[in-house]
Amino acid sequence: MQKLTVKLPQNPYDILIHKGLLNDIGMQLKKVFHYNKISVITDSNVDGLYGGKLIEILKENGFLVNKIVVTSGEKSKSIDTAQFIYHQLLDYQHTRKDLIIAFGGGVVGDLAGFVAATFLRGVPFVQIPTTLLAQIDSSVGGKVGVNLDRGKNLIGSFYQPQGVFIDPNLLKTLEDRYLFDGMAEVIKYSCIKDEKLFENLLQIHSKKELFDRLEEMIKICCTIKSEIVQRDEKEQGERMLLNFGHTIGHGLEKYYNYNGYTHGEAVAIGMYHITVKSEILGETEKGTSEKIKKVLKKFYLPYKIQEVEKERLIEIIQLDKKKEDGSLNIILLKKIGQSTIKKIDQKEIEKYI
Ligand SMILES: NC(=O)c1ccc[n+]([C@@H]2O[C@H](COP(=O)([O-])OP(=O)(O)OC[C@H]3O[C@@H](n4cnc5c(N)ncnc54)[C@H](O)[C@@H]3O)[C@@H](O)[C@H]2O)c1
Ligand SMILES: O=C(O)C(=O)C[C@@H](O)[C@H](O)[C@H](O)COP(=O)(O)O
Ligand SMILES: [Zn+2]
């Protein structure tokens, strides 16, 4: 069992990583949660695969369990779905002492975390992430939220879980598209902070090799994220680096109304594209975008931007949360493994698209 601790002064918590951890979840939960009533929030796919097993284990360990299932997919990350969950919680008489378990990918984690942050002004929650993306990124760090019709993650909070329980065995059932989607965020970490990880990714030549290295990769990514979050929980500075590729990525997700690219795919295009531009502008070491293209192709991720209506994309990007009166913070690479935050005039974003 690997254990990392996110050392936040107000609410430190552990991230446990272990193949087969789900079987042991009842015992692990008892260490962080001392009451017995739980609401599990999950999506329709995860419920079909693992819902029965989780509920059974929780009941065997003496917990009273309420299961709330939402439709799978990004469209569920909405105020409407949050409202549906609030009512389910009220019907169950879920109180401030009771626990929410977010059991699913990044959509469920962000949504259930948002509900936990707001229901009764805050109830405790833990994350049991089931996609690669959620195991290496979204379950850690406390960014919770929902989308608005006008843009990604526009409503939300920083609300930390009481614990993160990662079972890499759950990834065996992931569709390839979502396995590689998660790899986009792994590539992001390597680009912003870890050249060695980037080089190691280039040495992976098959899905089997990828699976053999997943546990180690999850640990590396969670370590990078925890360290950044410890230094800058509320994204006043360094945490913005975790948004490399997201300015354009989030714009593209919304541009196609969350029906075109997955989050990771959109971020992949965003990372490549901004790096092509920053290279031309002399802000990034030459050859960096080619290296990114190579690693994206290796994991079947897109890199080219499709024909888009540029004005419309820029309009969406203006809603990015990294802006402050008239200027926008964008994330650029100096080279692989070294990143920087650049403040530009909002109008200058055109140069990077
Ligand atoms: N809070 C953060 O820090 C953070 C970080 C990165 C991404 N995100 C958010 O995460 C979301 C994307 O998350 P995602 O990529 O996990 O998508 P997702 O939650 O939609 O999951 C992808 C698909 O995989 C299915 N699935 C989940 N676990 C499975 C399993 N073990 N086996 C088989 N199928 C499974 C889901 O039902 C879904 O169809 C986006 O909304 C993004 O904005 C948040
Ligand atoms: O944890 C963070 O900080 C991140 O930026 C991680 C990103 O991968 C993630 O997609 C996050 O949800 C983006 O947040 P936003 O503030 O740009 O909405
Ligand atoms: Zn992301």
# chains A, B, ... in the order shown; residues from 1 in each chain; ligands from 1
call {"tool": "select_by_dssp", "arguments": {"residues": "range 11-111 of chain A", "states": "strand (DSSP E)", "output": "list in words"}}
result
Tyr13, Asp14, Ile15, Leu16, Ile17, Lys37, Ile38, Ser39, Val40, Ile41, Thr42, Asp43, Leu64, Val65, Asn66, Lys67, Ile68, Val69, Val70, Leu99, Ile100, Ile101, Ala102, Phe103 and Gly104 of chain A
call {"tool": "closest_atom_pairs", "arguments": {"of": "chain A", "to": "ligand 1", "cutoff": "6 Å", "atoms": "only C-alpha atoms and all ligand atoms", "output": "JSON lines"}}
result
{"residue": "A:Asp43", "atom": "CA", "partner": "ligand 1", "partner_atom_place_in_ligand_line": "37 (O)", "distance": 5.8}
{"residue": "A:Asn45", "atom": "CA", "partner": "ligand 1", "partner_atom_place_in_ligand_line": "37 (O)", "distance": 4.4}
{"residue": "A:Val46", "atom": "CA", "partner": "ligand 1", "partner_atom_place_in_ligand_line": "29 (C)", "distance": 5.4}
{"residue": "A:Ser72", "atom": "CA", "partner": "ligand 1", "partner_atom_place_in_ligand_line": "37 (O)", "distance": 4.7}
{"residue": "A:Gly73", "atom": "CA", "partner": "ligand 1", "partner_atom_place_in_ligand_line": "20 (O)", "distance": 4.3}
{"residue": "A:Glu74", "atom": "CA", "partner": "ligand 1", "partner_atom_place_in_ligand_line": "20 (O)", "distance": 5.4}
{"residue": "A:Gly104", "atom": "CA", "partner": "ligand 1", "partner_atom_place_in_ligand_line": "28 (N)", "distance": 5.2}
{"residue": "A:Gly105", "atom": "CA", "partner": "ligand 1", "partner_atom_place_in_ligand_line": "19 (O)", "distance": 3.2}
{"residue": "A:Gly106", "atom": "CA", "partner": "ligand 1", "partner_atom_place_in_ligand_line": "13 (O)", "distance": 3.2}
{"residue": "A:Val107", "atom": "CA", "partner": "ligand 1", "partner_atom_place_in_ligand_line": "19 (O)", "distance": 3.8}
{"residue": "A:Val108", "atom": "CA", "partner": "ligand 1", "partner_atom_place_in_ligand_line": "19 (O)", "distance": 5.6}
{"residue": "A:Asp110", "atom": "CA", "partner": "ligand 1", "partner_atom_place_in_ligand_line": "1 (N)", "distance": 5.4}
{"residue": "A:Thr130", "atom": "CA", "partner": "ligand 1", "partner_atom_place_in_ligand_line": "28 (N)", "distance": 4.2}
{"residue": "A:Thr131", "atom": "CA", "partner": "ligand 1", "partner_atom_place_in_ligand_line": "28 (N)", "distance": 4.5}
{"residue": "A:Leu133", "atom": "CA", "partner": "ligand 1", "partner_atom_place_in_ligand_line": "16 (O)", "distance": 5.1}
{"residue": "A:Ala134", "atom": "CA", "partner": "ligand 1", "partner_atom_place_in_ligand_line": "16 (O)", "distance": 5.0}
{"residue": "A:Asp137", "atom": "CA", "partner": "ligand 1", "partner_atom_place_in_ligand_line": "5 (C)", "distance": 4.9}
{"residue": "A:Ser138", "atom": "CA", "partner": "ligand 1", "partner_atom_place_in_ligand_line": "2 (C)", "distance": 3.5}
{"residue": "A:Lys143", "atom": "CA", "partner": "ligand 1", "partner_atom_place_in_ligand_line": "1 (N)", "distance": 4.3}
{"residue": "A:Val144", "atom": "CA", "partner": "ligand 1", "partner_atom_place_in_ligand_line": "1 (N)", "distance": 5.3}
{"residue": "A:Leu170", "atom": "CA", "partner": "ligand 1", "partner_atom_place_in_ligand_line": "31 (N)", "distance": 4.6}
{"residue": "A:Leu171", "atom": "CA", "partner": "ligand 1", "partner_atom_place_in_ligand_line": "31 (N)", "distance": 4.8}
{"residue": "A:Thr173", "atom": "CA", "partner": "ligand 1", "partner_atom_place_in_ligand_line": "32 (N)", "distance": 4.1}
{"residue": "A:Leu174", "atom": "CA", "partner": "ligand 1", "partner_atom_place_in_ligand_line": "33 (C)", "distance": 3.8}
{"residue": "A:Tyr178", "atom": "CA", "partner": "ligand 1", "partner_atom_place_in_ligand_line": "22 (C)", "distance": 5.7}
{"residue": "A:His263", "atom": "CA", "partner": "ligand 1", "partner_atom_place_in_ligand_line": "40 (C)", "distance": 5.4}
call {"tool": "write_last_selection", "arguments": {"atoms": "C-alpha atoms", "output": "compact mmCIF listing (two decimals), in the first residue's frame"}}
result
# COMPACT_ATOMS: atom_id res chain seq x y z
CA ASP A 43 -22.78 7.06 -12.46
CA ASN A 45 -21.67 2.75 -15.93
CA VAL A 46 -19.71 2.50 -12.70
CA SER A 72 -22.76 8.85 -17.12
CA GLY A 73 -21.08 11.65 -19.06
CA GLU A 74 -20.07 15.31 -18.85
CA GLY A 104 -16.64 7.30 -10.35
CA GLY A 105 -14.59 9.32 -12.79
CA GLY A 106 -13.90 13.04 -12.80
CA VAL A 107 -17.49 13.89 -13.58
CA VAL A 108 -18.81 12.11 -10.49
CA ASP A 110 -16.45 17.04 -9.31
CA THR A 130 -12.46 4.91 -11.01
CA THR A 131 -10.90 6.45 -14.15
CA LEU A 133 -7.88 10.79 -15.03
CA ALA A 134 -9.64 10.79 -11.69
CA ASP A 137 -5.78 14.33 -11.04
CA SER A 138 -9.39 15.15 -10.24
CA LYS A 143 -11.46 21.53 -7.00
CA VAL A 144 -15.14 20.62 -7.14
CA LEU A 170 -10.66 -0.66 -11.36
CA LEU A 171 -8.98 0.66 -14.51
CA THR A 173 -12.63 -2.16 -17.35
CA LEU A 174 -12.00 1.35 -18.74
CA TYR A 178 -10.83 6.94 -21.41
CA HIS A 263 -11.59 16.53 -21.31
call {"tool": "closest_atom_pairs", "arguments": {"of": "chain A", "to": "ligand 2", "cutoff": "10 Å", "atoms": "only C-alpha atoms and all ligand atoms", "output": "Markdown table"}}
result
| residue | atom | partner | partner_atom_place_in_ligand_line | distance |
| --- | --- | --- | --- | --- |
| A:Gly106 | CA | ligand 2 | 12 (O) | 8.6 |
| A:Val107 | CA | ligand 2 | 12 (O) | 9.8 |
| A:Asp110 | CA | ligand 2 | 12 (O) | 7.9 |
| A:Leu133 | CA | ligand 2 | 8 (O) | 8.5 |
| A:Ala134 | CA | ligand 2 | 8 (O) | 9.4 |
| A:Ile136 | CA | ligand 2 | 8 (O) | 9.4 |
| A:Asp137 | CA | ligand 2 | 8 (O) | 6.1 |
| A:Ser138 | CA | ligand 2 | 9 (C) | 6.4 |
| A:Ser139 | CA | ligand 2 | 1 (O) | 8.9 |
| A:Val140 | CA | ligand 2 | 1 (O) | 7.4 |
| A:Gly141 | CA | ligand 2 | 1 (O) | 5.8 |
| A:Gly142 | CA | ligand 2 | 1 (O) | 7.4 |
| A:Lys143 | CA | ligand 2 | 1 (O) | 5.9 |
| A:Val144 | CA | ligand 2 | 12 (O) | 7.4 |
| A:Gly145 | CA | ligand 2 | 18 (O) | 8.1 |
| A:Val146 | CA | ligand 2 | 18 (O) | 9.1 |
| A:Asn147 | CA | ligand 2 | 18 (O) | 8.9 |
| A:Gly151 | CA | ligand 2 | 18 (O) | 9.3 |
| A:Lys152 | CA | ligand 2 | 18 (O) | 6.2 |
| A:Asn153 | CA | ligand 2 | 18 (O) | 4.6 |
| A:Leu154 | CA | ligand 2 | 18 (O) | 6.8 |
| A:Ile155 | CA | ligand 2 | 18 (O) | 8.8 |
| A:Gly156 | CA | ligand 2 | 18 (O) | 8.6 |
| A:Ser157 | CA | ligand 2 | 16 (O) | 9.5 |
| A:Phe158 | CA | ligand 2 | 1 (O) | 9.6 |
| A:Gly182 | CA | ligand 2 | 8 (O) | 9.9 |
| A:Ala184 | CA | ligand 2 | 8 (O) | 9.5 |
| A:Glu185 | CA | ligand 2 | 8 (O) | 6.5 |
| A:Val186 | CA | ligand 2 | 8 (O) | 9.6 |
| A:Lys188 | CA | ligand 2 | 8 (O) | 8.4 |
| A:Tyr189 | CA | ligand 2 | 8 (O) | 9.3 |
| A:Lys225 | CA | ligand 2 | 1 (O) | 7.4 |
| A:Ser226 | CA | ligand 2 | 1 (O) | 9.5 |
| A:Ile228 | CA | ligand 2 | 3 (O) | 8.7 |
| A:Val229 | CA | ligand 2 | 3 (O) | 7.6 |
| A:Asp232 | CA | ligand 2 | 3 (O) | 9.3 |
| A:Glu233 | CA | ligand 2 | 3 (O) | 8.3 |
| A:Lys234 | CA | ligand 2 | 3 (O) | 8.3 |
| A:Glu235 | CA | ligand 2 | 3 (O) | 6.7 |
| A:Glu238 | CA | ligand 2 | 3 (O) | 9.2 |
| A:Arg239 | CA | ligand 2 | 3 (O) | 5.4 |
| A:Met240 | CA | ligand 2 | 3 (O) | 6.2 |
| A:Leu241 | CA | ligand 2 | 5 (O) | 7.4 |
| A:Leu242 | CA | ligand 2 | 5 (O) | 4.5 |
| A:Asn243 | CA | ligand 2 | 5 (O) | 4.3 |
| A:Phe244 | CA | ligand 2 | 5 (O) | 7.9 |
| A:Gly245 | CA | ligand 2 | 8 (O) | 9.0 |
| A:His246 | CA | ligand 2 | 17 (O) | 6.4 |
| A:Thr247 | CA | ligand 2 | 17 (O) | 7.4 |
| A:Gly249 | CA | ligand 2 | 10 (O) | 9.0 |
| A:His250 | CA | ligand 2 | 17 (O) | 7.5 |
| A:His263 | CA | ligand 2 | 10 (O) | 7.4 |
| A:Gly264 | CA | ligand 2 | 10 (O) | 8.4 |
| A:Val267 | CA | ligand 2 | 10 (O) | 8.3 |
| A:Asp320 | CA | ligand 2 | 17 (O) | 7.2 |
| A:Lys321 | CA | ligand 2 | 16 (O) | 6.2 |
| A:Lys322 | CA | ligand 2 | 17 (O) | 7.5 |
call {"tool": "closest_residue", "arguments": {"among": "A:Glu311, A:Asp212, A:Asp98, A:Glu350", "to": "Gly122 in chain A", "atoms": "only C-alpha atoms"}}
result
A:Asp98
call {"tool": "residues_around", "arguments": {"residues": "Lys286 in chain A", "least_positions_apart": "6", "cutoff": "9 Å", "atoms": "only C-alpha atoms", "output": "list in words"}}
result
Glu279, Ile280 and Lys335 of chain A
call {"tool": "write_last_selection", "arguments": {"atoms": "C-alpha atoms", "output": "PDB file, in the first residue's frame"}}
result
ATOM      1  CA  GLU A 279       7.627  28.317 -29.873  1.00  0.00           C
ATOM      2  CA  ILE A 280       7.005  30.584 -32.861  1.00  0.00           C
ATOM      3  CA  LYS A 335      10.952  23.413 -22.249  1.00  0.00           C
TER       4      LYS A 335
END
call {"tool": "atom_distance", "arguments": {"atom1": "CA of His34 in chain A", "atom2": "CA of Ala112 in chain A"}}
result
20.2 Å
call {"tool": "select_by_dssp", "arguments": {"residues": "range 118-339 of chain A", "states": "alpha helix (DSSP H)", "output": "MDAnalysis selection string"}}
result
chainID A and resid 118 132:133 176:193 195:202 207:231 246:255 263:280 288:298 310:317
call {"tool": "residues_around", "arguments": {"residues": "range 23-27 of chain A", "least_positions_apart": "3", "cutoff": "12 Å", "atoms": "only C-alpha atoms", "output": "count of residues only"}}
result
39
call {"tool": "closest_residue", "arguments": {"among": "A:Leu301, A:Ile204, A:Leu319, A:Met183", "to": "ligand 3", "atoms": "only C-alpha atoms and all ligand atoms"}}
result
A:Met183
call {"tool": "closest_residue", "arguments": {"among": "A:Thr262, A:Thr118, A:Ser76, A:Thr71", "to": "ligand 3", "atoms": "only C-alpha atoms and all ligand atoms"}}
result
A:Thr262
call {"tool": "closest_residue", "arguments": {"among": "A:Glu175, A:Asp47, A:Glu199, A:Glu253", "to": "ligand 3", "atoms": "only C-alpha atoms and all ligand atoms"}}
result
A:Glu253
call {"tool": "residues_around", "arguments": {"residues": "Lys351 in chain A", "least_positions_apart": "4", "cutoff": "10 Å", "atoms": "only C-alpha atoms", "output": "number ranges by chain"}}
result
A: 274, 277-278, 281, 347
call {"tool": "write_last_selection", "arguments": {"atoms": "N, CA and C atoms", "output": "compact mmCIF listing (two decimals), in the first residue's frame"}}
result
# COMPACT_ATOMS: atom_id res chain seq x y z
N ILE A 274 -0.86 25.50 -27.97
CA ILE A 274 -0.28 26.70 -27.34
C ILE A 274 1.26 26.63 -27.42
N LYS A 277 2.50 27.75 -30.79
CA LYS A 277 2.48 29.21 -30.88
C LYS A 277 3.59 29.85 -30.04
N SER A 278 3.79 29.34 -28.82
CA SER A 278 4.80 29.97 -27.95
C SER A 278 6.21 29.71 -28.50
N LEU A 281 6.74 32.25 -31.11
CA LEU A 281 6.97 33.55 -30.48
C LEU A 281 8.30 33.60 -29.71
N LYS A 347 -6.81 40.52 -25.02
CA LYS A 347 -6.92 40.53 -26.50
C LYS A 347 -5.78 39.74 -27.14
call {"tool": "closest_residue", "arguments": {"among": "A:Thr5, A:Leu296, A:Asn259, A:Ile187", "to": "ligand 3", "atoms": "only C-alpha atoms and all ligand atoms"}}
result
A:Ile187
